[in-house]
$ cat final-v5.cif   # mmCIF, C-alpha atoms and all ligand atoms
data_run
loop_
_atom_site.label_atom_id
_atom_site.label_comp_id
_atom_site.auth_asym_id
_atom_site.auth_seq_id
_atom_site.Cartn_x
_atom_site.Cartn_y
_atom_site.Cartn_z
CA MET A 50 -40.40 -79.56 -41.36
CA THR A 51 -39.21 -79.04 -37.79
CA LYS A 52 -35.53 -79.88 -37.48
CA THR A 53 -33.44 -80.71 -34.42
CA ILE A 54 -30.47 -78.34 -34.49
CA VAL A 55 -27.47 -78.50 -32.15
CA VAL A 56 -25.57 -75.20 -31.80
CA THR A 57 -22.28 -74.96 -29.89
CA GLY A 58 -21.10 -71.60 -28.59
CA ALA A 59 -24.80 -70.85 -28.25
CA SER A 60 -24.59 -68.85 -25.02
CA ASP A 61 -23.31 -65.66 -26.62
CA GLY A 62 -22.42 -63.82 -29.83
CA ILE A 63 -23.27 -65.16 -33.23
CA GLY A 64 -24.14 -68.65 -31.97
CA LEU A 65 -26.82 -67.24 -29.67
CA GLU A 66 -28.24 -64.98 -32.39
CA SER A 67 -28.31 -67.78 -34.94
CA ALA A 68 -30.00 -70.08 -32.40
CA SER A 69 -32.61 -67.39 -31.84
CA GLN A 70 -33.21 -67.07 -35.61
CA LEU A 71 -33.42 -70.87 -36.02
CA ALA A 72 -35.89 -71.17 -33.13
CA GLY A 73 -37.88 -68.38 -34.80
CA GLN A 74 -38.06 -70.59 -37.92
CA GLY A 75 -39.84 -73.17 -35.75
CA HIS A 76 -36.99 -75.61 -35.18
CA ARG A 77 -36.13 -77.49 -32.01
CA LEU A 78 -32.86 -76.12 -30.60
CA VAL A 79 -30.20 -77.82 -28.51
CA LEU A 80 -27.95 -75.13 -27.07
CA VAL A 81 -24.43 -75.97 -25.92
CA GLY A 82 -22.45 -73.48 -23.83
CA ARG A 83 -19.61 -73.45 -21.35
CA ASN A 84 -21.30 -71.49 -18.58
CA PRO A 85 -24.47 -73.15 -17.16
CA ALA A 86 -26.01 -69.83 -16.06
CA LYS A 87 -25.45 -68.21 -19.48
CA VAL A 88 -26.83 -71.16 -21.40
CA THR A 89 -29.90 -71.29 -19.13
CA ALA A 90 -30.46 -67.57 -19.77
CA ALA A 91 -30.18 -68.28 -23.51
CA VAL A 92 -32.89 -70.95 -23.26
CA LYS A 93 -35.19 -68.51 -21.44
CA ARG A 94 -34.58 -65.83 -24.06
CA LEU A 95 -35.44 -68.14 -26.96
CA GLN A 96 -38.54 -69.47 -25.21
CA ALA A 97 -39.74 -65.94 -24.46
CA GLU A 98 -39.11 -64.79 -28.04
CA THR A 99 -40.92 -67.73 -29.59
CA ASN A 100 -43.76 -68.33 -27.19
CA GLY A 101 -42.33 -71.55 -25.78
CA ALA A 102 -40.17 -73.09 -28.53
CA GLU A 103 -38.65 -76.46 -27.71
CA VAL A 104 -35.17 -75.56 -26.47
CA ASP A 105 -32.81 -77.83 -24.52
CA SER A 106 -29.40 -76.97 -23.15
CA TYR A 107 -26.13 -78.61 -22.19
CA ALA A 108 -23.15 -77.15 -20.37
CA CYS A 109 -19.77 -78.34 -21.59
CA ASP A 110 -16.28 -76.91 -21.31
CA PHE A 111 -14.63 -77.48 -24.69
CA SER A 112 -11.18 -77.26 -23.12
CA ARG A 113 -11.89 -80.66 -21.51
CA LEU A 114 -12.13 -83.49 -24.00
CA GLU A 115 -13.68 -85.81 -21.42
CA GLU A 116 -16.62 -83.37 -21.11
CA VAL A 117 -16.97 -83.20 -24.90
CA ARG A 118 -17.01 -87.00 -25.08
CA ARG A 119 -19.76 -87.10 -22.44
CA LEU A 120 -21.70 -84.38 -24.25
CA GLY A 121 -21.61 -86.40 -27.48
CA GLU A 122 -22.85 -89.51 -25.69
CA SER A 123 -25.68 -87.57 -24.00
CA LEU A 124 -26.79 -86.08 -27.32
CA LEU A 125 -26.77 -89.50 -28.99
CA ALA A 126 -28.84 -90.90 -26.11
CA SER A 127 -31.34 -88.03 -26.15
CA TYR A 128 -31.93 -87.29 -29.84
CA PRO A 129 -32.92 -90.04 -32.28
CA ARG A 130 -32.60 -87.40 -35.04
CA ILE A 131 -30.07 -84.60 -35.41
CA ASP A 132 -30.66 -82.60 -38.58
CA VAL A 133 -28.03 -79.89 -38.24
CA LEU A 134 -24.88 -79.46 -36.17
CA VAL A 135 -23.64 -75.88 -35.98
CA SER A 136 -20.08 -76.23 -34.66
CA ASN A 137 -19.40 -72.67 -33.63
CA ALA A 138 -17.78 -72.43 -30.16
CA GLY A 139 -14.54 -70.49 -30.30
CA THR A 140 -12.23 -68.26 -28.34
CA VAL A 141 -8.75 -66.71 -28.14
CA PHE A 142 -5.97 -66.84 -25.55
CA ASP A 143 -3.62 -63.89 -25.11
CA LYS A 144 -0.99 -66.06 -23.40
CA ARG A 145 -0.14 -69.64 -24.38
CA THR A 146 -2.35 -71.86 -22.24
CA LEU A 147 -2.49 -75.63 -21.91
CA THR A 148 -5.71 -77.55 -21.36
CA ALA A 149 -6.20 -80.31 -18.78
CA ASP A 150 -5.44 -82.71 -21.67
CA GLY A 151 -2.10 -80.98 -22.23
CA TYR A 152 -2.96 -79.30 -25.55
CA GLU A 153 -2.58 -75.67 -26.62
CA ALA A 154 -5.96 -74.25 -25.65
CA THR A 155 -6.89 -72.34 -28.84
CA PHE A 156 -6.37 -75.42 -31.00
CA ALA A 157 -8.13 -77.57 -28.39
CA VAL A 158 -11.26 -75.41 -27.99
CA ASN A 159 -11.59 -74.15 -31.57
CA HIS A 160 -10.71 -77.34 -33.42
CA LEU A 161 -10.22 -80.51 -31.35
CA ALA A 162 -13.45 -80.21 -29.31
CA GLY A 163 -15.62 -79.53 -32.38
CA PHE A 164 -13.81 -82.31 -34.23
CA LEU A 165 -14.53 -84.83 -31.45
CA LEU A 166 -18.18 -83.76 -31.16
CA THR A 167 -18.70 -83.91 -34.93
CA GLU A 168 -17.07 -87.35 -35.24
CA THR A 169 -19.21 -88.61 -32.33
CA LEU A 170 -22.45 -87.32 -33.86
CA LEU A 171 -21.63 -88.39 -37.43
CA PRO A 172 -23.42 -91.77 -37.29
CA ARG A 173 -26.63 -89.98 -36.18
CA LEU A 174 -26.25 -87.35 -38.90
CA ARG A 175 -25.68 -90.08 -41.49
CA GLU A 176 -28.81 -91.99 -40.37
CA GLY A 177 -30.95 -88.88 -40.72
CA ALA A 178 -29.59 -87.62 -44.06
CA PRO A 179 -30.17 -85.15 -45.64
CA THR A 180 -28.44 -83.37 -42.75
CA ARG A 181 -25.88 -80.58 -42.41
CA ILE A 182 -22.71 -79.74 -40.50
CA VAL A 183 -21.80 -76.05 -40.39
CA THR A 184 -18.49 -75.00 -38.86
CA THR A 185 -17.63 -71.40 -38.02
CA ALA A 186 -14.12 -70.67 -39.31
CA SER A 187 -12.75 -67.21 -40.04
CA VAL A 188 -11.09 -65.09 -42.68
CA GLY A 189 -8.08 -65.49 -40.36
CA HIS A 190 -7.58 -68.97 -41.83
CA TYR A 191 -5.92 -67.33 -44.87
CA ARG A 192 -2.99 -66.47 -42.60
CA GLY A 193 -3.00 -69.84 -40.84
CA THR A 194 -0.03 -72.20 -40.86
CA MET A 195 0.04 -75.92 -40.05
CA ASN A 196 3.24 -77.21 -38.48
CA PHE A 197 2.60 -80.80 -37.40
CA ASP A 198 5.91 -80.85 -35.51
CA ASP A 199 4.78 -77.98 -33.27
CA LEU A 200 0.98 -77.78 -33.48
CA GLY A 201 0.75 -76.15 -30.05
CA PHE A 202 3.28 -73.35 -30.67
CA GLU A 203 5.85 -74.40 -28.08
CA ARG A 204 7.94 -71.97 -30.12
CA GLY A 205 6.65 -68.58 -31.23
CA TYR A 206 3.18 -68.49 -29.65
CA GLN A 207 1.20 -65.42 -30.57
CA ILE A 208 -2.55 -64.96 -30.05
CA MET A 209 -3.41 -64.49 -33.74
CA ARG A 210 -1.02 -67.19 -34.99
CA ALA A 211 -2.74 -69.71 -32.73
CA TYR A 212 -6.22 -68.44 -33.67
CA ASN A 213 -5.47 -68.49 -37.41
CA ARG A 214 -4.11 -72.06 -37.19
CA SER A 215 -7.24 -73.22 -35.38
CA LYS A 216 -9.44 -71.59 -38.04
CA LEU A 217 -7.39 -73.13 -40.87
CA ALA A 218 -8.01 -76.46 -39.11
CA ASN A 219 -11.78 -75.71 -39.25
CA VAL A 220 -11.63 -75.24 -43.04
CA LEU A 221 -9.34 -78.24 -43.64
CA TYR A 222 -11.56 -80.48 -41.51
CA THR A 223 -14.71 -79.31 -43.31
CA ARG A 224 -13.16 -80.11 -46.68
CA GLU A 225 -12.01 -83.56 -45.50
CA LEU A 226 -15.50 -84.23 -44.09
CA ALA A 227 -17.07 -83.18 -47.39
CA ARG A 228 -14.85 -85.59 -49.31
CA ARG A 229 -15.62 -88.41 -46.88
CA LEU A 230 -19.37 -87.68 -46.87
CA ALA A 231 -19.83 -87.15 -50.63
CA GLY A 232 -22.98 -88.92 -51.78
CA THR A 233 -24.27 -89.66 -48.26
CA GLY A 234 -26.65 -86.68 -48.05
CA VAL A 235 -24.69 -85.23 -45.13
CA THR A 236 -23.10 -81.93 -46.11
CA ALA A 237 -20.30 -79.99 -44.46
CA THR A 238 -19.78 -76.27 -45.02
CA THR A 239 -17.76 -73.58 -43.28
CA LEU A 240 -17.80 -69.80 -43.17
CA HIS A 241 -16.38 -66.50 -42.09
CA PRO A 242 -19.32 -64.74 -40.37
CA GLY A 243 -17.84 -61.26 -40.93
CA ALA A 244 -16.07 -59.02 -38.42
CA VAL A 245 -18.73 -59.18 -35.72
CA ALA A 246 -19.10 -57.05 -32.59
CA THR A 247 -19.08 -59.87 -30.01
CA ASN A 248 -17.19 -60.54 -26.80
CA ILE A 249 -14.64 -62.85 -28.39
CA TRP A 250 -11.93 -60.19 -28.35
CA SER A 251 -12.26 -59.63 -24.59
CA GLY A 252 -9.41 -62.17 -24.45
CA ALA A 253 -7.19 -59.91 -26.61
CA PRO A 254 -4.16 -58.15 -25.08
CA ALA A 255 -5.02 -55.00 -23.10
CA PHE A 256 -3.16 -52.70 -25.56
CA ALA A 257 -5.38 -53.86 -28.45
CA ARG A 258 -8.71 -53.45 -26.66
CA PRO A 259 -9.31 -49.69 -27.22
CA VAL A 260 -8.90 -50.17 -31.01
CA LEU A 261 -11.12 -53.27 -30.95
CA ASN A 262 -13.78 -51.43 -28.95
CA LEU A 263 -13.74 -48.60 -31.48
CA ALA A 264 -13.91 -51.09 -34.37
CA LYS A 265 -16.85 -52.79 -32.65
CA ARG A 266 -18.76 -49.51 -32.69
CA ILE A 267 -17.94 -48.28 -36.16
CA VAL A 268 -17.00 -51.07 -38.57
CA MET A 269 -18.15 -54.40 -37.21
CA ILE A 270 -21.51 -55.94 -38.05
CA SER A 271 -23.98 -56.90 -35.31
CA PRO A 272 -24.07 -60.40 -33.77
CA ALA A 273 -27.52 -60.85 -35.37
CA GLU A 274 -26.07 -60.10 -38.84
CA GLY A 275 -23.15 -62.48 -38.22
CA GLY A 276 -25.58 -65.08 -36.85
CA ALA A 277 -27.69 -64.82 -40.01
CA ARG A 278 -24.73 -66.18 -42.00
CA LEU A 279 -24.72 -69.33 -39.84
CA THR A 280 -28.49 -69.56 -40.15
CA TYR A 281 -28.20 -69.36 -43.95
CA LEU A 282 -25.89 -72.38 -44.10
CA ALA A 283 -27.82 -74.26 -41.38
CA THR A 284 -31.27 -74.18 -43.00
CA GLY A 285 -31.15 -72.02 -46.16
CA ALA A 286 -32.93 -73.66 -49.09
CA GLN A 287 -30.40 -72.04 -51.45
CA VAL A 288 -27.59 -74.19 -50.02
CA GLU A 289 -29.51 -77.48 -49.81
CA GLY A 290 -27.06 -80.21 -50.86
CA ALA A 291 -24.10 -77.80 -51.05
CA ASN A 292 -21.05 -79.66 -49.78
CA GLY A 293 -17.52 -78.63 -48.87
CA GLY A 294 -17.68 -74.88 -49.49
CA TYR A 295 -16.12 -71.99 -47.59
CA TYR A 296 -18.53 -69.00 -47.48
CA GLU A 297 -18.24 -65.28 -46.94
CA LYS A 298 -21.35 -63.03 -47.06
CA ASP A 299 -23.44 -66.07 -48.09
CA LYS A 300 -21.29 -66.65 -51.17
CA ILE A 301 -18.91 -69.50 -51.81
CA LYS A 302 -15.29 -68.37 -51.95
CA GLU A 303 -11.97 -70.06 -52.61
CA PRO A 304 -10.26 -70.66 -49.27
CA ALA A 305 -6.51 -70.44 -48.62
CA LYS A 306 -4.22 -72.57 -50.82
CA LEU A 307 -3.19 -74.57 -47.77
CA ALA A 308 -6.85 -75.31 -47.02
CA LEU A 309 -7.13 -76.91 -50.49
CA ASP A 310 -4.26 -79.31 -49.82
CA ASP A 311 -5.94 -82.71 -49.33
CA ALA A 312 -2.75 -84.27 -47.96
CA VAL A 313 -2.62 -81.64 -45.20
CA GLY A 314 -6.35 -82.19 -44.50
CA ASP A 315 -5.89 -85.96 -44.27
CA ARG A 316 -2.91 -85.57 -41.97
CA LEU A 317 -4.78 -83.10 -39.76
CA VAL A 318 -7.63 -85.56 -39.36
CA GLU A 319 -5.27 -88.43 -38.59
CA VAL A 320 -3.40 -86.35 -35.98
CA SER A 321 -6.66 -85.00 -34.51
CA ARG A 322 -8.07 -88.52 -34.14
CA LYS A 323 -5.00 -89.52 -32.13
CA MET A 324 -5.14 -86.35 -30.02
CA VAL A 325 -8.79 -86.88 -29.03
CA GLY A 326 -8.37 -90.63 -28.55
CA LEU A 327 -10.48 -91.92 -31.44
N1 LIG B 401 -16.64 -62.14 -33.83
C1 LIG B 401 -15.96 -62.19 -34.97
O1 LIG B 401 -15.60 -61.15 -35.56
C2 LIG B 401 -15.63 -63.50 -35.58
C3 LIG B 401 -15.00 -63.51 -36.84
C4 LIG B 401 -14.69 -64.73 -37.43
C5 LIG B 401 -15.01 -65.92 -36.79
N2 LIG B 401 -15.62 -65.87 -35.56
C6 LIG B 401 -15.92 -67.16 -34.92
O2 LIG B 401 -17.27 -67.16 -34.50
C7 LIG B 401 -17.44 -68.13 -33.46
C8 LIG B 401 -18.29 -67.52 -32.34
O3 LIG B 401 -17.60 -66.42 -31.81
P1 LIG B 401 -18.31 -65.07 -31.32
O4 LIG B 401 -17.68 -63.96 -32.07
O5 LIG B 401 -19.77 -65.23 -31.32
O6 LIG B 401 -17.73 -64.99 -29.83
P2 LIG B 401 -18.43 -65.02 -28.40
O7 LIG B 401 -19.52 -64.01 -28.33
O8 LIG B 401 -17.30 -64.90 -27.42
O9 LIG B 401 -19.09 -66.46 -28.33
C9 LIG B 401 -18.27 -67.60 -28.29
C10 LIG B 401 -19.08 -68.77 -27.83
O10 LIG B 401 -18.18 -69.90 -27.67
C11 LIG B 401 -18.27 -70.35 -26.31
N3 LIG B 401 -16.99 -70.84 -25.78
C12 LIG B 401 -15.83 -70.19 -25.64
N4 LIG B 401 -14.93 -70.96 -25.00
C13 LIG B 401 -15.54 -72.12 -24.73
C14 LIG B 401 -15.18 -73.31 -24.05
N5 LIG B 401 -13.96 -73.48 -23.49
N6 LIG B 401 -16.08 -74.32 -23.95
C15 LIG B 401 -17.32 -74.19 -24.48
N7 LIG B 401 -17.74 -73.09 -25.11
C16 LIG B 401 -16.86 -72.06 -25.23
C17 LIG B 401 -18.67 -69.11 -25.53
O11 LIG B 401 -19.14 -69.47 -24.25
P3 LIG B 401 -19.27 -68.33 -23.07
O12 LIG B 401 -20.59 -67.70 -23.31
O13 LIG B 401 -19.18 -69.12 -21.82
O14 LIG B 401 -18.12 -67.39 -23.26
C18 LIG B 401 -19.71 -68.53 -26.46
O15 LIG B 401 -20.93 -69.24 -26.38
C19 LIG B 401 -16.03 -68.52 -33.02
O16 LIG B 401 -15.71 -69.78 -33.56
C20 LIG B 401 -15.15 -67.44 -33.65
O17 LIG B 401 -13.85 -67.91 -33.92
C21 LIG B 401 -15.94 -64.70 -34.95
#

$ encode --input "final-v5.cif" --output "structure tokens"
Amino acid sequence: MTKTIVVTGASDGIGLESASQLAGQGHRLVLVGRNPAKVTAAVKRLQAETNGAEVDSYACDFSRLEEVRRLGESLLASYPRIDVLVSNAGTVFDKRTLTADGYEATFAVNHLAGFLLTETLLPRLREGAPTRIVTTASVGHYRGTMNFDDLGFERGYQIMRAYNRSKLANVLYTRELARRLAGTGVTATTLHPGAVATNIWSGAPAFARPVLNLAKRIVMISPAEGGARLTYLATGAQVEGANGGYYEKDKIKEPAKLALDDAVGDRLVEVSRKMVGL
């Protein structure tokens, strides 16, 4: 059956490769990216690869919650069915940066924006169940901390600390969603796609780039291999009905202890709702 699949972070890296694989499976793709030219190029690529697959696109800057809100409303207005949401957009910031909404940008782009979009699309996903929500986290979540008194690292900002916290938030939110959605037919899963040779680390400090560039060539997997891990959770028959899991290499794995703490997950959701104005 042809599914309607929304992929964020679809203009590059693993999101783009997964979108290409999903279009190749015959699904209708809705690509979301920050840069209108890049997302238009992604649409053209998928159409060329598939002989004219149905591919739509939306430009949205995830560091602006107002844009994410508008994106959610447009998607609700345009798609009577959404079968899969792949919440994948993500980035890093070398220096502490605040968004227009006044939030630390890593947390805002990697967690708050995806949270707001997911919450906005949830009624549509519920109506169409069985449906799936797949969120790209990272192995970095194992090192993540969650300090609700200083979520935005006013003290002690460091690129990887902020990234790891945002990825822990991805796993905590997925687990809270899974608890909330149990029995509805909507499933929520999350994953580490592997160490993937994409452009995400172009935001890393200059001193770290030579090592990262070397790692990209010799140890990292390709964006297509990383993308296949998203594709597996998005449409794989093997994970039909699977709810709440954290995956590495297509296998369920126990996440960090902190990610298993339901009280922390509940508090994160409550705080996130306030931050995005829900
Ligand atoms: N690469 C890895 O080794 C690795 C490992 C673990 C987890 N991940 C996760 O995988 C996901 C995808 O990353 P990737 O490696 O594929 O990186 P990537 O090639 O840099 O792709 C990131 C995607 O997110 C989009 N994005 C970034 N900032 C955005 C913003 N402000 N608003 C809207 N979209 C934005 C990018 O848009 P542009 O095209 O405009 O930049 C791009 O489409 C991220 O969540 C990342 O944390 C990656």

$ axis_aligned_box --input "final-v5.cif" --around "ligand LIG 401 (chain B)" --padding-each-side "3 Å" --output "AutoDock Vina command-line options"
--center_x -17.4 --center_y -67.7 --center_z -29.6 --size_x 13.1 --size_y 19.2 --size_z 21.6

$ closest_atom_pairs --input "final-v5.cif" --of "chain A" --to "ligand LIG 401 (chain B)" --cutoff "7 Å" --atoms "only C-alpha atoms and all ligand atoms" --output "JSON lines"
{"residue": "A:Thr57", "atom": "CA", "partner": "B:LIG401", "partner_atom": "O15", "distance": 6.8}
{"residue": "A:Gly58", "atom": "CA", "partner": "B:LIG401", "partner_atom": "O15", "distance": 3.2}
{"residue": "A:Ala59", "atom": "CA", "partner": "B:LIG401", "partner_atom": "O15", "distance": 4.6}
{"residue": "A:Ser60", "atom": "CA", "partner": "B:LIG401", "partner_atom": "O15", "distance": 3.9}
{"residue": "A:Asp61", "atom": "CA", "partner": "B:LIG401", "partner_atom": "O15", "distance": 4.3}
{"residue": "A:Gly62", "atom": "CA", "partner": "B:LIG401", "partner_atom": "O7", "distance": 3.3}
{"residue": "A:Ile63", "atom": "CA", "partner": "B:LIG401", "partner_atom": "O5", "distance": 4.0}
{"residue": "A:Gly64", "atom": "CA", "partner": "B:LIG401", "partner_atom": "O5", "distance": 5.6}
{"residue": "A:Gly82", "atom": "CA", "partner": "B:LIG401", "partner_atom": "N7", "distance": 4.9}
{"residue": "A:Arg83", "atom": "CA", "partner": "B:LIG401", "partner_atom": "C15", "distance": 3.9}
{"residue": "A:Asn84", "atom": "CA", "partner": "B:LIG401", "partner_atom": "O13", "distance": 4.5}
{"residue": "A:Lys87", "atom": "CA", "partner": "B:LIG401", "partner_atom": "O12", "distance": 6.2}
{"residue": "A:Cys109", "atom": "CA", "partner": "B:LIG401", "partner_atom": "C15", "distance": 5.6}
{"residue": "A:Asp110", "atom": "CA", "partner": "B:LIG401", "partner_atom": "N6", "distance": 3.7}
{"residue": "A:Phe111", "atom": "CA", "partner": "B:LIG401", "partner_atom": "N6", "distance": 3.6}
{"residue": "A:Ser112", "atom": "CA", "partner": "B:LIG401", "partner_atom": "N5", "distance": 4.7}
{"residue": "A:Asn137", "atom": "CA", "partner": "B:LIG401", "partner_atom": "O16", "distance": 4.7}
{"residue": "A:Ala138", "atom": "CA", "partner": "B:LIG401", "partner_atom": "O10", "distance": 3.6}
{"residue": "A:Gly139", "atom": "CA", "partner": "B:LIG401", "partner_atom": "O16", "distance": 3.5}
{"residue": "A:Thr140", "atom": "CA", "partner": "B:LIG401", "partner_atom": "C12", "distance": 4.9}
{"residue": "A:Val158", "atom": "CA", "partner": "B:LIG401", "partner_atom": "N5", "distance": 5.6}
{"residue": "A:Asn159", "atom": "CA", "partner": "B:LIG401", "partner_atom": "O16", "distance": 6.3}
{"residue": "A:Thr185", "atom": "CA", "partner": "B:LIG401", "partner_atom": "O16", "distance": 5.1}
{"residue": "A:Ala186", "atom": "CA", "partner": "B:LIG401", "partner_atom": "C5", "distance": 5.5}
{"residue": "A:Ser187", "atom": "CA", "partner": "B:LIG401", "partner_atom": "C4", "distance": 4.1}
{"residue": "A:Val188", "atom": "CA", "partner": "B:LIG401", "partner_atom": "C4", "distance": 6.4}
{"residue": "A:His241", "atom": "CA", "partner": "B:LIG401", "partner_atom": "C4", "distance": 5.3}
{"residue": "A:Pro242", "atom": "CA", "partner": "B:LIG401", "partner_atom": "C4", "distance": 5.5}
{"residue": "A:Gly243", "atom": "CA", "partner": "B:LIG401", "partner_atom": "C3", "distance": 5.5}
{"residue": "A:Ala244", "atom": "CA", "partner": "B:LIG401", "partner_atom": "O1", "distance": 3.6}
{"residue": "A:Val245", "atom": "CA", "partner": "B:LIG401", "partner_atom": "O1", "distance": 3.7}
{"residue": "A:Ala246", "atom": "CA", "partner": "B:LIG401", "partner_atom": "N1", "distance": 5.8}
{"residue": "A:Thr247", "atom": "CA", "partner": "B:LIG401", "partner_atom": "O7", "distance": 4.5}
{"residue": "A:Asn248", "atom": "CA", "partner": "B:LIG401", "partner_atom": "O8", "distance": 4.4}
{"residue": "A:Ile249", "atom": "CA", "partner": "B:LIG401", "partner_atom": "O8", "distance": 3.5}
{"residue": "A:Pro272", "atom": "CA", "partner": "B:LIG401", "partner_atom": "O5", "distance": 6.9}

$ residues_around --input "final-v5.cif" --residues "Val79 in chain A" --least-positions-apart "5" --cutoff "7 Å" --atoms "all atoms listed in the file" --output "PDB file with C-alpha atoms, in the frame of the given file"
ATOM      1  CA  ILE A  54     -30.470 -78.340 -34.490  1.00  0.00           C
ATOM      2  CA  VAL A  55     -27.470 -78.500 -32.150  1.00  0.00           C
ATOM      3  CA  VAL A  56     -25.570 -75.200 -31.800  1.00  0.00           C
ATOM      4  CA  VAL A 104     -35.170 -75.560 -26.470  1.00  0.00           C
ATOM      5  CA  ASP A 105     -32.810 -77.830 -24.520  1.00  0.00           C
ATOM      6  CA  SER A 106     -29.400 -76.970 -23.150  1.00  0.00           C
TER       7      SER A 106
END

$ residues_around --input "final-v5.cif" --residues "Ala126 in chain A" --least-positions-apart "4" --cutoff "12 Å" --atoms "only C-alpha atoms" --output "ChimeraX atom specification"
/A:119-122,130-131,169-170,173

$ write_last_selection --input "final-v5.cif" --atoms "C-alpha atoms" --output "compact mmCIF listing (two decimals), in the coordinates of the input"
# COMPACT_ATOMS: atom_id res chain seq x y z
CA ARG A 119 -19.76 -87.10 -22.44
CA LEU A 120 -21.70 -84.38 -24.25
CA GLY A 121 -21.61 -86.40 -27.48
CA GLU A 122 -22.85 -89.51 -25.69
CA ARG A 130 -32.60 -87.40 -35.04
CA ILE A 131 -30.07 -84.60 -35.41
CA THR A 169 -19.21 -88.61 -32.33
CA LEU A 170 -22.45 -87.32 -33.86
CA ARG A 173 -26.63 -89.98 -36.18

$ closest_residue --input "final-v5.cif" --among "A:Val183, A:Ala273, A:Ala283, A:Met195" --to "Lys52 in chain A" --atoms "all atoms listed in the file"
A:Ala283

$ closest_residue --input "final-v5.cif" --among "A:Leu134, A:Ala227, A:Ala211, A:Ala86" --to "Leu166 in chain A" --atoms "all atoms listed in the file"
A:Leu134

$ closest_residue --input "final-v5.cif" --among "A:Thr239, A:Asn262, A:Ser271, A:Ser321" --to "Tyr152 in chain A" --atoms "only C-alpha atoms"
A:Ser321

$ closest_residue --input "final-v5.cif" --among "A:Tyr206, A:Tyr212, A:Phe164, A:Tyr128" --to "His190 in chain A" --atoms "all atoms listed in the file"
A:Tyr212

$ closest_residue --input "final-v5.cif" --among "A:Glu153, A:Gly294, A:Gly163, A:Thr184" --to "Phe202 in chain A" --atoms "only C-alpha atoms"
A:Glu153

$ atom_distance --input "final-v5.cif" --atom1 "CA of Asn219 in chain A" --atom2 "CA of Arg278 in chain A"
16.3 Å

$ atom_distance --input "final-v5.cif" --atom1 "CA of Asp199 in chain A" --atom2 "CA of Asn213 in chain A"
14.6 Å

$ atom_distance --input "final-v5.cif" --atom1 "CA of Ser67 in chain A" --atom2 "CA of Glu98 in chain A"
13.2 Å

$ residues_around --input "final-v5.cif" --residues "Asp143 in chain A" --least-positions-apart "5" --cutoff "6 Å" --atoms "only C-alpha atoms" --output "ChimeraX atom specification"
/A:208,253-254

$ residues_near_point --input "final-v5.cif" --point "(-1.6, -81.7, -21.8)" --cutoff "12 Å" --atoms "only C-alpha atoms" --output "list of chain:residue names"
A:Ser112, A:Arg113, A:Leu114, A:Thr146, A:Leu147, A:Thr148, A:Ala149, A:Asp150, A:Gly151, A:Tyr152, A:Glu153, A:Ala154, A:Ala157, A:Gly201, A:Met324, A:Val325

$ build_atoms --input "final-v5.cif" --residues "range 92-103 of chain A" --atoms "N, CA and C atoms" --output "PDB file, in the frame of the given file"
ATOM      1  N   VAL A  92     -31.665 -70.154 -23.076  1.00  0.00           N
ATOM      2  CA  VAL A  92     -32.890 -70.950 -23.260  1.00  0.00           C
ATOM      3  C   VAL A  92     -34.110 -70.081 -22.961  1.00  0.00           C
ATOM      4  N   LYS A  93     -34.042 -69.348 -21.839  1.00  0.00           N
ATOM      5  CA  LYS A  93     -35.190 -68.510 -21.440  1.00  0.00           C
ATOM      6  C   LYS A  93     -35.470 -67.454 -22.497  1.00  0.00           C
ATOM      7  N   ARG A  94     -34.389 -66.859 -23.027  1.00  0.00           N
ATOM      8  CA  ARG A  94     -34.580 -65.830 -24.060  1.00  0.00           C
ATOM      9  C   ARG A  94     -35.295 -66.409 -25.277  1.00  0.00           C
ATOM     10  N   LEU A  95     -34.837 -67.563 -25.746  1.00  0.00           N
ATOM     11  CA  LEU A  95     -35.440 -68.140 -26.960  1.00  0.00           C
ATOM     12  C   LEU A  95     -36.886 -68.536 -26.713  1.00  0.00           C
ATOM     13  N   GLN A  96     -37.152 -69.068 -25.505  1.00  0.00           N
ATOM     14  CA  GLN A  96     -38.540 -69.470 -25.210  1.00  0.00           C
ATOM     15  C   GLN A  96     -39.441 -68.246 -25.152  1.00  0.00           C
ATOM     16  N   ALA A  97     -38.930 -67.166 -24.552  1.00  0.00           N
ATOM     17  CA  ALA A  97     -39.740 -65.940 -24.460  1.00  0.00           C
ATOM     18  C   ALA A  97     -39.995 -65.359 -25.845  1.00  0.00           C
ATOM     19  N   GLU A  98     -38.968 -65.376 -26.696  1.00  0.00           N
ATOM     20  CA  GLU A  98     -39.110 -64.790 -28.040  1.00  0.00           C
ATOM     21  C   GLU A  98     -40.081 -65.563 -28.912  1.00  0.00           C
ATOM     22  N   THR A  99     -40.187 -66.876 -28.650  1.00  0.00           N
ATOM     23  CA  THR A  99     -40.920 -67.730 -29.590  1.00  0.00           C
ATOM     24  C   THR A  99     -42.216 -68.265 -29.007  1.00  0.00           C
ATOM     25  N   ASN A 100     -42.568 -67.798 -27.829  1.00  0.00           N
ATOM     26  CA  ASN A 100     -43.760 -68.330 -27.190  1.00  0.00           C
ATOM     27  C   ASN A 100     -43.629 -69.815 -26.883  1.00  0.00           C
ATOM     28  N   GLY A 101     -42.489 -70.183 -26.260  1.00  0.00           N
ATOM     29  CA  GLY A 101     -42.330 -71.550 -25.780  1.00  0.00           C
ATOM     30  C   GLY A 101     -41.778 -72.546 -26.765  1.00  0.00           C
ATOM     31  N   ALA A 102     -40.799 -72.139 -27.603  1.00  0.00           N
ATOM     32  CA  ALA A 102     -40.170 -73.090 -28.530  1.00  0.00           C
ATOM     33  C   ALA A 102     -39.502 -74.202 -27.725  1.00  0.00           C
ATOM     34  N   GLU A 103     -39.325 -75.338 -28.383  1.00  0.00           N
ATOM     35  CA  GLU A 103     -38.650 -76.460 -27.710  1.00  0.00           C
ATOM     36  C   GLU A 103     -37.151 -76.179 -27.717  1.00  0.00           C
TER      37      GLU A 103
END
